[in-house]
$ cat run38.tsv   # TSV, N, CA and C atoms
chain	number	residue	atom	x	y	z
H	1	MET	N	11.44	16.61	-16.45
H	1	MET	CA	10.83	16.04	-15.28
H	1	MET	C	9.43	16.65	-15.11
H	2	SER	N	8.46	15.81	-14.88
H	2	SER	CA	7.10	16.32	-14.73
H	2	SER	C	6.84	16.75	-13.29
H	3	ARG	N	5.95	17.70	-13.15
H	3	ARG	CA	5.61	18.20	-11.83
H	3	ARG	C	4.44	17.43	-11.27
H	4	VAL	N	4.42	17.29	-9.96
H	4	VAL	CA	3.35	16.59	-9.28
H	4	VAL	C	2.55	17.61	-8.48
H	5	SER	N	1.23	17.49	-8.53
H	5	SER	CA	0.39	18.45	-7.82
H	5	SER	C	0.51	18.27	-6.31
H	6	GLN	N	0.15	19.28	-5.58
H	6	GLN	CA	0.22	19.25	-4.13
H	6	GLN	C	-0.69	18.16	-3.56
H	7	LYS	N	-1.85	18.00	-4.15
H	7	LYS	CA	-2.78	16.97	-3.69
H	7	LYS	C	-2.19	15.58	-3.85
H	8	LYS	N	-1.53	15.33	-4.97
H	8	LYS	CA	-0.91	14.03	-5.23
H	8	LYS	C	0.25	13.79	-4.26
H	9	LYS	N	1.01	14.83	-3.94
H	9	LYS	CA	2.11	14.71	-2.98
H	9	LYS	C	1.59	14.31	-1.61
H	10	GLU	N	0.49	14.93	-1.19
H	10	GLU	CA	-0.10	14.62	0.11
H	10	GLU	C	-0.64	13.19	0.13
H	11	GLU	N	-1.19	12.76	-0.99
H	11	GLU	CA	-1.71	11.40	-1.07
H	11	GLU	C	-0.58	10.37	-0.96
H	12	TRP	N	0.53	10.58	-1.66
H	12	TRP	CA	1.63	9.64	-1.64
H	12	TRP	C	2.46	9.72	-0.36
H	13	ALA	N	2.33	10.80	0.40
H	13	ALA	CA	3.09	10.95	1.65
H	13	ALA	C	2.74	9.84	2.64
H	14	PHE	N	1.55	9.30	2.55
H	14	PHE	CA	1.12	8.21	3.44
H	14	PHE	C	1.89	6.92	3.14
H	15	PHE	N	2.42	6.76	1.93
H	15	PHE	CA	3.13	5.56	1.53
H	15	PHE	C	4.64	5.65	1.74
H	16	LEU	N	5.16	6.84	2.02
H	16	LEU	CA	6.60	7.02	2.13
H	16	LEU	C	7.13	6.53	3.47
H	17	ASN	N	8.28	5.85	3.42
H	17	ASN	CA	8.91	5.38	4.66
H	17	ASN	C	9.94	6.42	5.12
H	18	ALA	N	10.79	6.04	6.06
H	18	ALA	CA	11.77	6.98	6.62
H	18	ALA	C	12.80	7.45	5.59
H	19	ARG	N	13.04	6.63	4.56
H	19	ARG	CA	14.01	6.99	3.51
H	19	ARG	C	13.34	7.62	2.30
H	20	ASN	N	12.10	8.07	2.46
H	20	ASN	CA	11.31	8.70	1.40
H	20	ASN	C	11.13	7.81	0.17
H	21	ARG	N	10.96	6.54	0.42
H	21	ARG	CA	10.66	5.59	-0.66
H	21	ARG	C	9.26	5.03	-0.43
H	22	ILE	N	8.58	4.74	-1.51
H	22	ILE	CA	7.22	4.20	-1.41
H	22	ILE	C	7.29	2.77	-0.89
H	23	GLU	N	6.51	2.50	0.15
H	23	GLU	CA	6.50	1.16	0.74
H	23	GLU	C	5.05	0.73	0.93
H	24	TYR	N	4.77	-0.52	0.57
H	24	TYR	CA	3.43	-1.05	0.67
H	24	TYR	C	3.31	-2.01	1.85
H	25	ASN	N	2.09	-2.37	2.18
H	25	ASN	CA	1.81	-3.34	3.22
H	25	ASN	C	2.52	-4.65	2.87
H	26	GLU	N	2.94	-5.40	3.87
H	26	GLU	CA	3.68	-6.64	3.66
H	26	GLU	C	2.92	-7.62	2.76
H	27	LYS	N	1.63	-7.71	2.94
H	27	LYS	CA	0.81	-8.64	2.16
H	27	LYS	C	0.56	-8.12	0.74
H	28	CYS	N	0.77	-6.85	0.51
H	28	CYS	CA	0.52	-6.25	-0.81
H	28	CYS	C	1.78	-6.21	-1.69
H	29	LYS	N	2.93	-6.46	-1.13
H	29	LYS	CA	4.18	-6.28	-1.88
H	29	LYS	C	4.26	-7.17	-3.11
H	30	ARG	N	3.87	-8.43	-2.98
H	30	ARG	CA	3.99	-9.36	-4.10
H	30	ARG	C	2.71	-9.46	-4.92
H	31	CYS	N	1.70	-8.72	-4.56
H	31	CYS	CA	0.42	-8.75	-5.27
H	31	CYS	C	0.54	-8.00	-6.60
H	32	GLN	N	-0.10	-8.52	-7.64
H	32	GLN	CA	-0.03	-7.88	-8.95
H	32	GLN	C	-1.14	-6.87	-9.17
H	33	LYS	N	-2.13	-6.83	-8.30
H	33	LYS	CA	-3.24	-5.90	-8.46
H	33	LYS	C	-2.81	-4.49	-8.07
H	34	ASP	N	-3.57	-3.49	-8.48
H	34	ASP	CA	-3.20	-2.10	-8.21
H	34	ASP	C	-3.89	-1.53	-6.97
H	35	CYS	N	-4.47	-2.38	-6.15
H	35	CYS	CA	-5.18	-1.91	-4.94
H	35	CYS	C	-4.27	-1.95	-3.72
H	36	LYS	N	-3.01	-1.63	-3.88
H	36	LYS	CA	-2.04	-1.75	-2.79
H	36	LYS	C	-2.33	-0.75	-1.66
H	37	GLN	N	-2.02	-1.18	-0.44
H	37	GLN	CA	-2.25	-0.36	0.74
H	37	GLN	C	-0.93	0.02	1.38
H	38	SER	N	-0.95	1.09	2.12
H	38	SER	CA	0.26	1.62	2.75
H	38	SER	C	0.78	0.70	3.85
H	39	TRP	N	2.06	0.79	4.11
H	39	TRP	CA	2.67	0.02	5.18
H	39	TRP	C	2.21	0.52	6.54
H	40	ARG	N	1.69	1.72	6.61
H	40	ARG	CA	1.22	2.28	7.88
H	40	ARG	C	-0.13	1.73	8.31
H	41	ALA	N	-0.93	1.28	7.34
H	41	ALA	CA	-2.29	0.82	7.64
H	41	ALA	C	-2.32	-0.69	7.82
H	42	GLU	N	-3.27	-1.13	8.64
H	42	GLU	CA	-3.53	-2.56	8.71
H	42	GLU	C	-4.28	-2.95	7.44
H	43	LEU	N	-4.20	-4.20	7.08
H	43	LEU	CA	-4.88	-4.65	5.87
H	43	LEU	C	-6.38	-4.48	6.05
H	44	VAL	N	-6.97	-3.59	5.28
H	44	VAL	CA	-8.39	-3.27	5.41
H	44	VAL	C	-9.23	-4.30	4.66
H	45	TYR	N	-8.96	-4.46	3.39
H	45	TYR	CA	-9.70	-5.42	2.58
H	45	TYR	C	-8.88	-5.80	1.37
H	46	CYS	N	-8.82	-7.08	1.11
H	46	CYS	CA	-8.15	-7.56	-0.09
H	46	CYS	C	-8.93	-8.77	-0.59
H	47	PRO	N	-9.42	-8.72	-1.83
H	47	PRO	CA	-10.23	-9.83	-2.34
H	47	PRO	C	-9.42	-11.11	-2.55
H	48	ASP	N	-8.11	-11.03	-2.70
H	48	ASP	CA	-7.31	-12.22	-2.97
H	48	ASP	C	-6.64	-12.81	-1.73
H	49	TYR	N	-6.49	-12.04	-0.69
H	49	TYR	CA	-5.78	-12.52	0.49
H	49	TYR	C	-6.71	-13.36	1.37
H	50	ARG	N	-6.23	-14.54	1.73
H	50	ARG	CA	-6.96	-15.39	2.64
H	50	ARG	C	-5.99	-15.94	3.66
H	51	SER	N	-6.24	-15.70	4.92
H	51	SER	CA	-5.36	-16.16	5.98
H	51	SER	C	-5.42	-17.68	6.08
H	52	LYS	N	-4.31	-18.27	6.45
H	52	LYS	CA	-4.27	-19.72	6.63
H	52	LYS	C	-5.05	-20.13	7.88
H	53	ARG	N	-5.25	-19.19	8.79
H	53	ARG	CA	-5.98	-19.47	10.02
H	53	ARG	C	-7.49	-19.29	9.86
H	54	ALA	N	-7.89	-18.73	8.74
H	54	ALA	CA	-9.32	-18.49	8.52
H	54	ALA	C	-10.06	-19.82	8.38
H	55	GLU	N	-11.28	-19.82	8.87
H	55	GLU	CA	-12.07	-21.04	8.74
H	55	GLU	C	-12.50	-21.25	7.30
H	56	SER	N	-12.46	-22.47	6.85
H	56	SER	CA	-12.80	-22.77	5.45
H	56	SER	C	-14.29	-22.84	5.23
$ encode --input "run38.tsv" --output "structure tokens"
Amino acid sequence: MSRVSQKKKEEWAFFLNARNRIEYNEKCKRCQKDCKQSWRAELVYCPDYRSKRAES
């Protein structure tokens, strides 16, 4: 088993849910890109996401 640095642990702690599993934002779950955001944050920026309510 490989060891994870303290800095990496702190970084991933933002993504962990109550059961200590990594969880992403609802809009990022099915996305194939690697720019996923935490479930704790609001969607900051996503180049592929476009709201249906957005003006065309």
$ atom_distance --input "run38.tsv" --atom1 "atom CA of Lys36 of chain H" --atom2 "atom CA of Ser2 of chain H"
23.5 Å
$ residues_around --input "run38.tsv" --residues "Leu16 of chain H" --least-positions-apart "6" --cutoff "12 Å" --atoms "only C-alpha atoms" --output "PyMOL selection string"
chain H and resi 9-10+22-25+37-40
$ atom_distance --input "run38.tsv" --atom1 "atom CA of Phe15 of chain H" --atom2 "atom CA of Ala41 of chain H"
9.4 Å
$ select_by_dssp --input "run38.tsv" --residues "chain H" --states "alpha helix (DSSP H)" --output "count of residues only"
8
$ atom_distance --input "run38.tsv" --atom1 "atom CA of Lys52 of chain H" --atom2 "atom CA of Gln32 of chain H"
20.0 Å
$ closest_residue --input "run38.tsv" --among "H:Arg53, H:Leu43, H:Trp12, H:Gln6" --to "Glu26 of chain H" --atoms "only N, CA and C atoms"
H:Leu43
$ decode --input "run38.tsv" --residues "segment 36-50 of chain H" --atoms "C-alpha atoms" --output "compact mmCIF listing (two decimals), in the first residue's frame"
# COMPACT_ATOMS: atom_id res chain seq x y z
CA LYS H 36 -14.29 17.71 -10.95
CA GLN H 37 -15.37 19.89 -8.03
CA SER H 38 -16.28 18.96 -4.49
CA TRP H 39 -19.83 18.36 -3.35
CA ARG H 40 -19.31 21.08 -0.75
CA ALA H 41 -18.70 23.83 -3.30
CA GLU H 42 -21.14 25.46 -5.66
CA LEU H 43 -20.30 24.97 -9.30
CA VAL H 44 -17.62 27.59 -9.91
CA TYR H 45 -16.84 27.07 -13.58
CA CYS H 46 -17.34 24.28 -16.05
CA PRO H 47 -16.67 24.72 -19.77
CA ASP H 48 -19.14 21.97 -20.75
CA TYR H 49 -22.06 22.67 -18.43
CA ARG H 50 -24.82 24.87 -19.77
